[in-house]
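Asks: Okay, so here is start_33.csv, and as you'll see once you scroll down, it has CSV, C-alpha atoms.
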```csv
chain,number,residue,atom,x,y,z
A,1,MET,CA,-9.5,-19.7,-1.6
A,2,ALA,CA,-8.3,-17.5,1.3
A,3,LYS,CA,-6.4,-14.4,0.5
A,4,VAL,CA,-3.9,-12.8,2.9
A,5,VAL,CA,-3.5,-9.1,2.4
A,6,VAL,CA,-1.0,-6.9,4.3
A,7,VAL,CA,-1.9,-3.3,4.8
A,8,THR,CA,1.4,-1.5,5.1
A,9,SER,CA,3.1,1.8,4.5
A,10,GLY,CA,6.5,2.2,6.2
A,11,LYS,CA,5.5,5.6,7.6
A,12,GLY,CA,3.2,5.9,10.6
A,13,GLY,CA,0.0,7.9,10.7
A,14,VAL,CA,-0.9,7.6,7.1
A,15,GLY,CA,-4.1,5.5,7.7
A,16,LYS,CA,-3.1,1.8,7.8
A,17,THR,CA,-5.5,1.0,10.7
A,18,THR,CA,-8.3,3.1,9.2
A,19,THR,CA,-7.8,1.3,5.9
A,20,THR,CA,-7.7,-2.1,7.4
A,21,ALA,CA,-11.0,-1.4,9.2
A,22,GLY,CA,-12.5,0.3,6.1
A,23,LEU,CA,-11.6,-2.5,3.6
A,24,GLY,CA,-12.4,-5.2,6.1
A,25,THR,CA,-15.8,-3.8,6.8
A,26,ALA,CA,-16.5,-3.3,3.1
A,27,LEU,CA,-15.5,-6.8,2.2
A,28,ALA,CA,-17.5,-8.3,5.1
A,29,GLN,CA,-20.5,-6.2,4.0
A,30,SER,CA,-20.4,-7.9,0.6
A,31,GLY,CA,-20.8,-11.2,2.3
A,32,GLN,CA,-17.1,-12.3,2.4
A,33,ASN,CA,-15.9,-13.9,5.6
A,34,VAL,CA,-13.2,-11.5,6.9
A,35,VAL,CA,-10.7,-11.4,9.7
A,36,VAL,CA,-8.6,-8.3,10.4
A,37,VAL,CA,-5.4,-9.1,12.3
A,38,ASP,CA,-3.6,-6.4,14.3
A,39,PHE,CA,0.2,-6.9,14.1
A,40,ASP,CA,1.0,-3.8,16.1
A,41,VAL,CA,2.1,-5.5,19.3
A,42,GLY,CA,2.2,-3.0,22.2
A,43,LEU,CA,0.4,-0.3,20.2
A,44,ARG,CA,-2.8,-2.0,19.2
A,45,ASN,CA,-5.5,0.2,17.8
A,46,LEU,CA,-7.6,-1.8,15.4
A,47,ASP,CA,-9.8,-2.9,18.3
A,48,LEU,CA,-10.5,0.8,19.1
A,49,VAL,CA,-11.3,1.8,15.6
A,50,LEU,CA,-13.7,-1.1,15.3
A,51,GLY,CA,-15.2,-0.3,18.7
A,52,ALA,CA,-14.2,-3.7,20.2
A,53,GLU,CA,-11.7,-2.5,22.8
A,54,ARG,CA,-13.8,-3.7,25.7
A,55,ARG,CA,-14.3,-7.2,24.3
A,56,VAL,CA,-10.6,-8.2,24.1
A,57,VAL,CA,-9.9,-11.1,26.3
A,58,PHE,CA,-7.2,-13.1,24.5
A,59,ASP,CA,-4.9,-11.8,21.8
A,60,PHE,CA,-2.7,-12.9,18.9
A,61,ILE,CA,0.3,-13.6,21.2
A,62,ASN,CA,-1.8,-15.8,23.5
A,63,VAL,CA,-2.8,-17.9,20.5
A,64,VAL,CA,0.8,-18.0,19.2
A,65,GLN,CA,2.0,-19.2,22.6
A,66,GLY,CA,-0.8,-21.7,22.9
A,67,VAL,CA,-2.3,-20.0,25.9
A,68,ALA,CA,-5.6,-19.6,24.1
A,69,LYS,CA,-7.3,-21.2,21.2
A,70,LEU,CA,-7.8,-19.1,18.0
A,71,GLN,CA,-11.5,-19.4,18.5
A,72,GLN,CA,-11.2,-17.8,22.0
A,73,ALA,CA,-9.2,-14.8,20.7
A,74,LEU,CA,-11.3,-14.0,17.7
A,75,ILE,CA,-13.9,-11.2,18.2
A,76,ARG,CA,-16.9,-11.2,16.0
A,77,ASP,CA,-18.2,-7.8,15.1
A,78,LYS,CA,-21.5,-6.9,16.7
A,79,ARG,CA,-22.8,-5.2,13.5
A,80,LEU,CA,-21.4,-7.5,10.8
A,81,GLU,CA,-21.4,-11.2,11.6
A,82,THR,CA,-18.9,-11.9,8.8
A,83,LEU,CA,-16.3,-9.5,10.3
A,84,HIS,CA,-13.8,-10.7,12.9
A,85,LEU,CA,-10.9,-9.2,14.7
A,86,LEU,CA,-7.7,-10.9,16.0
A,87,PRO,CA,-6.3,-8.2,18.4
A,88,ALA,CA,-2.7,-7.6,19.1
A,89,SER,CA,-1.3,-7.8,22.6
A,90,GLN,CA,-1.0,-4.5,24.4
A,91,THR,CA,1.4,-5.7,27.1
A,92,ARG,CA,3.7,-8.4,25.8
A,93,ASP,CA,7.1,-8.1,24.3
A,94,LYS,CA,6.9,-7.8,20.6
A,95,ASP,CA,9.4,-10.6,20.2
A,96,ALA,CA,6.8,-12.9,21.5
A,97,LEU,CA,5.4,-13.3,18.0
A,98,THR,CA,7.6,-16.1,16.6
A,99,ASP,CA,7.9,-16.8,12.9
A,100,ASP,CA,6.6,-20.4,13.4
A,101,GLY,CA,3.8,-19.2,15.6
A,102,VAL,CA,2.6,-16.6,13.1
A,103,ALA,CA,2.8,-19.1,10.2
A,104,ARG,CA,0.7,-21.5,12.2
A,105,VAL,CA,-2.0,-18.9,13.0
A,106,ILE,CA,-2.1,-17.6,9.5
A,107,GLY,CA,-2.5,-21.1,8.2
A,108,GLU,CA,-5.4,-21.7,10.6
A,109,LEU,CA,-7.0,-18.4,9.6
A,110,ARG,CA,-6.7,-19.4,5.9
A,111,SER,CA,-8.8,-22.4,6.5
A,112,ARG,CA,-11.6,-20.4,8.1
A,113,PHE,CA,-11.8,-17.1,6.2
A,114,ASP,CA,-12.0,-15.7,2.7
A,115,TRP,CA,-9.9,-12.6,3.6
A,116,ILE,CA,-7.2,-12.2,6.1
A,117,LEU,CA,-6.2,-8.5,6.4
A,118,CYS,CA,-3.0,-7.9,8.3
A,119,ASP,CA,-2.6,-4.4,9.8
A,120,SER,CA,1.1,-3.8,9.8
A,121,PRO,CA,2.9,-1.7,12.4
A,122,ALA,CA,4.8,1.3,11.0
A,123,GLY,CA,8.5,1.0,10.3
A,124,ILE,CA,10.6,-1.6,8.6
A,125,GLU,CA,11.5,-3.7,11.6
A,126,ARG,CA,10.5,-7.2,12.5
A,127,GLY,CA,6.8,-6.4,13.2
A,128,ALA,CA,6.4,-5.0,9.7
A,129,THR,CA,8.2,-7.8,8.0
A,130,LEU,CA,6.3,-10.4,10.0
A,131,ALA,CA,3.0,-8.7,9.0
A,132,MET,CA,3.9,-9.0,5.3
A,133,ARG,CA,5.6,-12.4,5.5
A,134,HIS,CA,2.6,-14.6,4.4
A,135,ALA,CA,0.8,-12.0,2.2
A,136,ASP,CA,-0.6,-12.9,-1.2
A,137,ALA,CA,-1.3,-9.2,-1.8
A,138,ALA,CA,-0.3,-5.9,-0.3
A,139,VAL,CA,-2.1,-2.6,0.0
A,140,ILE,CA,0.5,0.2,0.3
A,141,VAL,CA,-1.1,3.1,2.0
A,142,THR,CA,0.4,6.4,0.8
A,143,ASN,CA,-0.2,10.0,1.5
A,144,PRO,CA,0.5,12.4,-1.4
A,145,GLU,CA,3.5,13.8,0.5
A,146,VAL,CA,7.2,13.3,0.0
A,147,SER,CA,8.1,11.4,3.2
A,148,SER,CA,5.2,9.0,2.8
A,149,VAL,CA,6.0,8.2,-0.9
A,150,ARG,CA,9.7,7.6,0.0
A,151,ASP,CA,8.8,5.2,2.8
A,152,SER,CA,6.3,3.4,0.5
A,153,ASP,CA,9.1,2.9,-2.0
A,154,ARG,CA,11.2,1.3,0.8
A,155,ILE,CA,8.3,-1.0,1.8
A,156,ILE,CA,7.8,-2.1,-1.8
A,157,GLY,CA,11.4,-3.2,-1.8
A,158,LEU,CA,10.8,-5.2,1.3
A,159,LEU,CA,7.7,-6.8,-0.2
A,160,ASP,CA,9.8,-8.0,-3.1
A,161,ALA,CA,12.5,-9.4,-0.9
A,162,LYS,CA,11.2,-10.5,2.5
A,163,THR,CA,7.8,-12.2,1.8
A,164,GLU,CA,7.4,-15.9,1.4
A,165,ARG,CA,6.1,-15.4,-2.1
A,166,ALA,CA,9.1,-13.4,-3.1
A,167,GLU,CA,11.4,-16.0,-1.7
A,168,ARG,CA,9.6,-18.7,-3.7
A,169,GLY,CA,10.1,-16.5,-6.8
A,170,GLU,CA,6.3,-15.8,-7.0
A,171,LYS,CA,4.6,-12.5,-7.5
A,172,ILE,CA,2.9,-10.6,-4.7
A,173,ASP,CA,0.1,-8.3,-5.9
A,174,LYS,CA,0.9,-4.8,-4.8
A,175,HIS,CA,-1.6,-1.9,-4.9
A,176,ILE,CA,-1.3,1.7,-3.9
A,177,LEU,CA,-4.1,3.2,-1.8
A,178,ILE,CA,-3.8,7.0,-1.6
A,179,THR,CA,-5.3,8.4,1.5
A,180,ARG,CA,-5.9,12.0,2.7
A,181,PHE,CA,-6.0,13.3,-0.8
A,182,ASP,CA,-7.2,16.8,-1.4
A,183,PRO,CA,-8.2,17.2,-5.0
A,184,ASN,CA,-8.4,21.0,-4.7
A,185,ARG,CA,-4.9,21.3,-3.4
A,186,ALA,CA,-3.6,18.9,-6.0
A,187,ALA,CA,-5.3,20.9,-8.8
A,188,ARG,CA,-3.6,24.0,-7.5
A,189,GLY,CA,-0.2,22.3,-7.7
A,190,GLU,CA,0.2,22.3,-3.9
A,191,MET,CA,-0.1,18.6,-3.5
A,192,LEU,CA,1.5,15.7,-5.4
A,193,ASN,CA,-1.0,14.4,-8.0
A,194,ILE,CA,-2.3,10.9,-8.2
A,195,SER,CA,-0.4,10.3,-11.4
A,196,ASP,CA,2.9,11.6,-9.8
A,197,VAL,CA,2.6,9.1,-7.0
A,198,LEU,CA,1.7,6.2,-9.3
A,199,GLU,CA,4.5,7.1,-11.7
A,200,ILE,CA,7.1,7.3,-9.0
A,201,LEU,CA,6.1,4.1,-7.3
A,202,SER,CA,5.1,2.4,-10.6
A,203,LEU,CA,2.3,0.3,-9.1
A,204,PRO,CA,-1.5,0.2,-9.9
A,205,LEU,CA,-4.0,2.2,-7.9
A,206,LEU,CA,-6.5,0.5,-5.6
A,207,GLY,CA,-8.3,3.7,-4.7
A,208,ILE,CA,-8.2,7.3,-3.5
A,209,ILE,CA,-9.5,8.1,-0.1
A,210,PRO,CA,-10.2,11.9,0.1
A,211,GLU,CA,-9.3,13.8,3.2
A,212,SER,CA,-12.5,13.7,5.2
A,213,GLU,CA,-13.8,14.7,8.5
A,214,GLU,CA,-15.8,11.6,8.6
A,215,VAL,CA,-12.7,9.5,9.2
A,216,LEU,CA,-12.1,11.1,12.6
A,217,ARG,CA,-15.7,11.1,13.5
A,218,ALA,CA,-15.9,7.4,12.7
A,219,SER,CA,-12.9,6.6,14.9
A,220,ASN,CA,-14.2,8.7,17.7
A,221,LEU,CA,-17.3,6.5,17.7
A,222,GLY,CA,-15.6,3.2,17.1
A,223,THR,CA,-17.6,2.6,14.0
A,224,PRO,CA,-15.8,2.2,10.7
A,225,VAL,CA,-16.6,5.0,8.3
A,226,VAL,CA,-18.1,2.5,5.9
A,227,LEU,CA,-20.8,1.7,8.5
A,228,ASN,CA,-21.0,5.1,10.2
A,229,ASN,CA,-21.7,7.1,7.2
A,230,PRO,CA,-21.9,5.0,4.1
A,231,ALA,CA,-22.8,7.9,1.9
A,232,SER,CA,-19.7,9.9,2.8
A,233,ALA,CA,-16.9,10.3,0.3
A,234,ALA,CA,-14.4,8.3,2.4
A,235,ALA,CA,-16.9,5.4,2.9
A,236,ARG,CA,-17.7,5.3,-0.8
A,237,ALA,CA,-14.0,5.3,-1.6
A,238,TYR,CA,-13.3,2.3,0.7
A,239,LEU,CA,-16.3,0.4,-0.7
A,240,GLU,CA,-15.0,0.9,-4.2
A,241,ALA,CA,-11.5,0.0,-3.2
A,242,ALA,CA,-12.8,-3.3,-1.7
A,243,ARG,CA,-14.6,-4.1,-4.9
A,244,ARG,CA,-11.4,-3.6,-6.8
A,245,LEU,CA,-9.6,-5.8,-4.3
A,246,MET,CA,-12.1,-8.5,-5.1
A,247,GLY,CA,-11.1,-8.2,-8.8
A,248,GLU,CA,-13.8,-5.9,-10.1
A,249,GLU,CA,-12.6,-3.4,-12.7
A,250,LEU,CA,-13.9,0.0,-11.8
A,251,ASN,CA,-12.7,3.4,-12.9
A,252,VAL,CA,-10.9,5.2,-10.1
A,253,THR,CA,-12.5,8.5,-9.2
A,254,VAL,CA,-12.1,10.8,-6.2
A,255,PRO,CA,-15.4,10.6,-4.4
A,256,SER,CA,-16.5,14.0,-3.1
A,257,GLU,CA,-18.8,15.1,-0.4
A,258,LYS,CA,-22.2,16.0,-1.6
A,259,ARG,CA,-22.4,19.7,-0.6
A,260,GLY,CA,-25.2,22.2,-0.4
A,261,LEU,CA,-25.1,25.4,-2.3
A,262,PHE,CA,-24.0,27.3,0.8
A,263,ASN,CA,-21.0,25.0,1.3
A,264,LYS,CA,-20.2,25.1,-2.4
A,265,LEU,CA,-20.0,28.9,-2.2
A,266,PHE,CA,-18.5,29.4,1.2
A,267,GLY,CA,-17.2,26.0,2.4
A,268,ARG,CA,-14.3,25.7,0.0
A,269,ARG,CA,-11.8,27.4,2.2
A,270,ALA,CA,-12.7,25.4,5.3
A,271,ALA,CA,-9.8,23.2,6.3
B,1,MET,CA,4.1,49.5,-5.9
B,2,ILE,CA,2.3,46.3,-5.2
B,3,ASN,CA,3.5,43.3,-7.1
B,4,TRP,CA,0.2,41.9,-8.2
B,5,SER,CA,1.6,39.0,-10.1
B,6,ALA,CA,3.4,37.7,-7.0
B,7,PHE,CA,0.2,38.2,-5.1
B,8,PHE,CA,-1.9,36.1,-7.4
B,9,LYS,CA,0.6,33.6,-8.6
B,10,ARG,CA,1.2,30.9,-6.1
B,11,SER,CA,4.4,29.0,-7.0
B,12,ASP,CA,3.5,25.3,-7.3
B,13,SER,CA,5.3,23.1,-4.8
B,14,ALA,CA,4.1,19.8,-6.1
B,15,PRO,CA,6.4,19.7,-9.1
B,16,VAL,CA,9.3,20.3,-6.8
B,17,ALA,CA,8.2,17.5,-4.6
B,18,ARG,CA,8.0,15.2,-7.5
B,19,GLU,CA,11.4,16.1,-8.8
B,20,ARG,CA,13.1,15.7,-5.4
B,21,LEU,CA,11.5,12.3,-4.9
B,22,GLN,CA,12.5,11.0,-8.3
B,23,ILE,CA,16.1,11.9,-7.8
B,24,LEU,CA,16.2,10.7,-4.2
B,25,LEU,CA,14.5,7.3,-4.9
B,26,ALA,CA,16.7,6.5,-7.9
B,27,HIS,CA,19.6,7.0,-5.6
B,28,GLU,CA,18.1,5.0,-2.7
B,29,ARG,CA,17.0,2.2,-5.0
B,30,SER,CA,20.5,1.7,-6.4
B,31,SER,CA,22.2,2.0,-3.1
B,32,LEU,CA,19.8,-0.7,-1.7
B,33,GLY,CA,20.6,-2.8,-4.8
B,34,ARG,CA,17.1,-2.5,-6.0
B,35,SER,CA,17.2,-0.4,-9.1
B,36,ASP,CA,17.6,-3.6,-11.0
B,37,LEU,CA,21.1,-2.9,-12.1
B,38,ILE,CA,21.1,-6.1,-14.1
B,39,ALA,CA,18.0,-5.0,-16.1
B,40,ALA,CA,19.5,-1.6,-16.7
B,41,LEU,CA,22.7,-3.0,-17.9
B,42,LYS,CA,21.0,-5.3,-20.3
B,43,GLU,CA,19.0,-2.5,-21.8
B,44,GLU,CA,22.0,-0.3,-22.2
B,45,ILE,CA,24.3,-3.0,-23.6
B,46,LEU,CA,21.7,-4.0,-26.2
B,47,ALA,CA,21.0,-0.4,-27.1
B,48,ALA,CA,24.8,0.1,-27.6
B,49,ILE,CA,25.0,-2.9,-29.9
B,50,SER,CA,22.0,-2.0,-31.8
B,51,ARG,CA,23.6,1.3,-32.7
B,52,HIS,CA,26.2,-0.6,-34.7
B,53,VAL,CA,24.3,-3.7,-36.1
B,54,GLU,CA,20.7,-4.4,-36.7
B,55,LEU,CA,19.6,-6.7,-33.9
B,56,ASP,CA,17.5,-9.7,-34.8
B,57,ALA,CA,15.5,-10.6,-31.7
B,58,ASP,CA,15.9,-14.3,-32.4
B,59,LYS,CA,19.6,-14.0,-32.5
B,60,VAL,CA,19.9,-12.4,-29.1
B,61,GLN,CA,20.0,-14.6,-26.0
B,62,VAL,CA,19.9,-12.9,-22.6
B,63,LYS,CA,20.3,-14.8,-19.4
B,64,MET,CA,20.1,-13.2,-16.0
B,65,ASP,CA,20.8,-15.0,-12.8
B,66,ARG,CA,20.1,-13.3,-9.6
B,67,GLY,CA,21.8,-14.7,-6.6
B,68,ALA,CA,22.0,-13.5,-3.0
B,69,ALA,CA,25.7,-12.4,-3.3
B,70,VAL,CA,26.4,-12.4,-7.0
B,71,SER,CA,24.2,-12.0,-10.1
B,72,THR,CA,25.3,-12.7,-13.6
B,73,LEU,CA,24.2,-11.3,-16.9
B,74,GLU,CA,24.9,-13.2,-20.1
B,75,ILE,CA,24.2,-11.6,-23.4
B,76,GLU,CA,24.9,-13.6,-26.5
B,77,VAL,CA,24.5,-11.9,-29.8
B,78,GLU,CA,24.8,-13.7,-33.2
B,79,ILE,CA,26.4,-11.3,-35.6
B,80,PRO,CA,26.6,-12.6,-39.2
B,81,ASN,CA,30.1,-12.1,-40.8
B,82,GLY,CA,30.4,-9.5,-43.4
B,83,VAL,CA,27.8,-7.2,-42.0
B,84,THR,CA,28.8,-3.6,-42.3
B,85,ALA,CA,28.4,-1.4,-39.3
B,86,LEU,CA,25.5,1.0,-39.3
B,87,ALA,CA,26.5,4.6,-39.1
B,88,ALA,CA,26.7,5.3,-35.4
B,89,ASN,CA,24.2,8.0,-35.0
B,90,SER,CA,24.8,9.2,-31.5
```
Will you turn the file into structure tokens for me?

Replies:
Amino acid sequence: MAKVVVVTSGKGGVGKTTTTAGLGTALAQSGQNVVVVDFDVGLRNLDLVLGAERRVVFDFINVVQGVAKLQQALIRDKRLETLHLLPASQTRDKDALTDDGVARVIGELRSRFDWILCDSPAGIERGATLAMRHADAAVIVTNPEVSSVRDSDRIIGLLDAKTERAERGEKIDKHILITRFDPNRAARGEMLNISDVLEILSLPLLGIIPESEEVLRASNLGTPVVLNNPASAAARAYLEAARRLMGEELNVTVPSEKRGLFNKLFGRRAA
Amino acid sequence: MINWSAFFKRSDSAPVARERLQILLAHERSSLGRSDLIAALKEEILAAISRHVELDADKVQVKMDRGAAVSTLEIEVEIPNGVTALAANS
């Protein structure tokens, strides 16, 4: 049965799009049929992170308005045939996404895919509530930093109030994904610890993505980190998070980069 | 003289962040009506009663009704006649 997952955070710049691409790629790699849907109308970026920016012809709004068929707007990934993208519109007014239209498109996606990952825009406005509206589960992307944790708390409140499931009195599975975590700084007491964040937000942990140069390198190249450097710490963290999303029970660890002796001795201080 | 302890000891900022967040979020949750006031009231009322009589879980009925504008909390406790009050210990 299809599962709709919203990737959300409240705060901008914490890694929602990177996470949508990372989890989507990891799920698709394990043979699941996946579509990632960009809800960030006017500021689409999922196409860029996936390296599909030059292949966008029709978009989500075209499909909602009946200008294009869903099949025409879906972009199949060139590297993974089970991964698809439904891009957001870059030009239209964000109010062009109607409630009924989104419901219809999500319904159609449910009949075609195993996983529908909705990349939410930042904020708590209509775009964000529309992205979470039909979700069965939520991945709340949080940086170990006060403003991000506060905004996550706000989004959790919205998930419990504004989703279809919440309105029907049903549960929505909520998971915290901590991104940009620096275990060394946390150990020195300079960064909120994983346990601090989980205790404050009182939700289970889907994974910990360590701060990694590989994430920027991957987005520069338009290849999700899971494909670009599968051995990197960030890629392994996303692969494990995807397995947990599929219901596997794995202990959560902070994957670290495999470093040479030189780096171990001298690389520690490098930012 | 150089203050070596200040030089080596970095004051941890994470506990401060944690403390600030907990206070702030408790406030924000309640002002957004999310702290689950009803649940908190239920806990506190039952705790208050149990300081005076031993509560039998079967003899306590709790009903919560959450509505958009108004929520109700009903607590029905069966207290047998002739039970002496426990010494209030707090």

Asks: If we count only C-alpha atoms, which residues of chain B reach to within 10 Å of chain A? Please list them as JSON, numbers by chain.

Replies: {"B": [10, 11, 12, 13, 14, 15, 16, 17, 18, 19, 20, 21, 22, 24, 25, 26, 28, 29, 32, 33, 34, 35]}

Asks: Do you have the CA of Lys69 in chain A-CA of Thr17 in chain A distance handy?

Replies: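 About the pair CA of Lys69 in chain A and CA of Thr17 in chain A: they are 24.6 Å apart.
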
Asks: At what distance in Å, to one decimal, does CA of Asp136 in chain A lie from CA of Ser31 in chain B?

Replies: 27.3 Å

Asks: What is the CA of Asn229 in chain A-CA of Ala138 in chain A distance in Å, reported with one decimal?

Replies: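 A separation of 26.1 Å between them.
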
Asks: Quick one: everything within 6 Å of range 73-82 of chain B, counting all atoms listed in the file, minus sequence neighbours fewer than 6 positions away in the same chain. Send it as a PyMOL selection string.

Replies: chain B and resi 59-64

Asks: Leaving out range 42-47 of chain A and any residue of its chain fewer than 2 positions from it, which residues lie within 7 Å of it when counting all atoms listed in the file, given as a list in words?

Replies: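 Result of the neighbour search: Thr17, Asp38, Asp40, Val49, Leu50, Gly51, Ala52, Glu53, Pro87, Ala88, Ser89, Gln90, Thr91, Arg92 and Lys94 of chain A.
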
Asks: Could you tell me which of A:Asn251, A:Val7, A:Ile61, A:Ala73 comes closest to Arg133 in chain A if we count only C-alpha atoms?

Replies: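 Using only C-alpha atoms, the shortest distance to Arg133 in chain A belongs to A:Val7.
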
Asks: With only C-alpha atoms as the basis for distance, which of A:Leu206, A:Thr20, A:Thr25, A:Asp59 is at the shortest distance from Pro230 in chain A?

Replies: A:Thr25
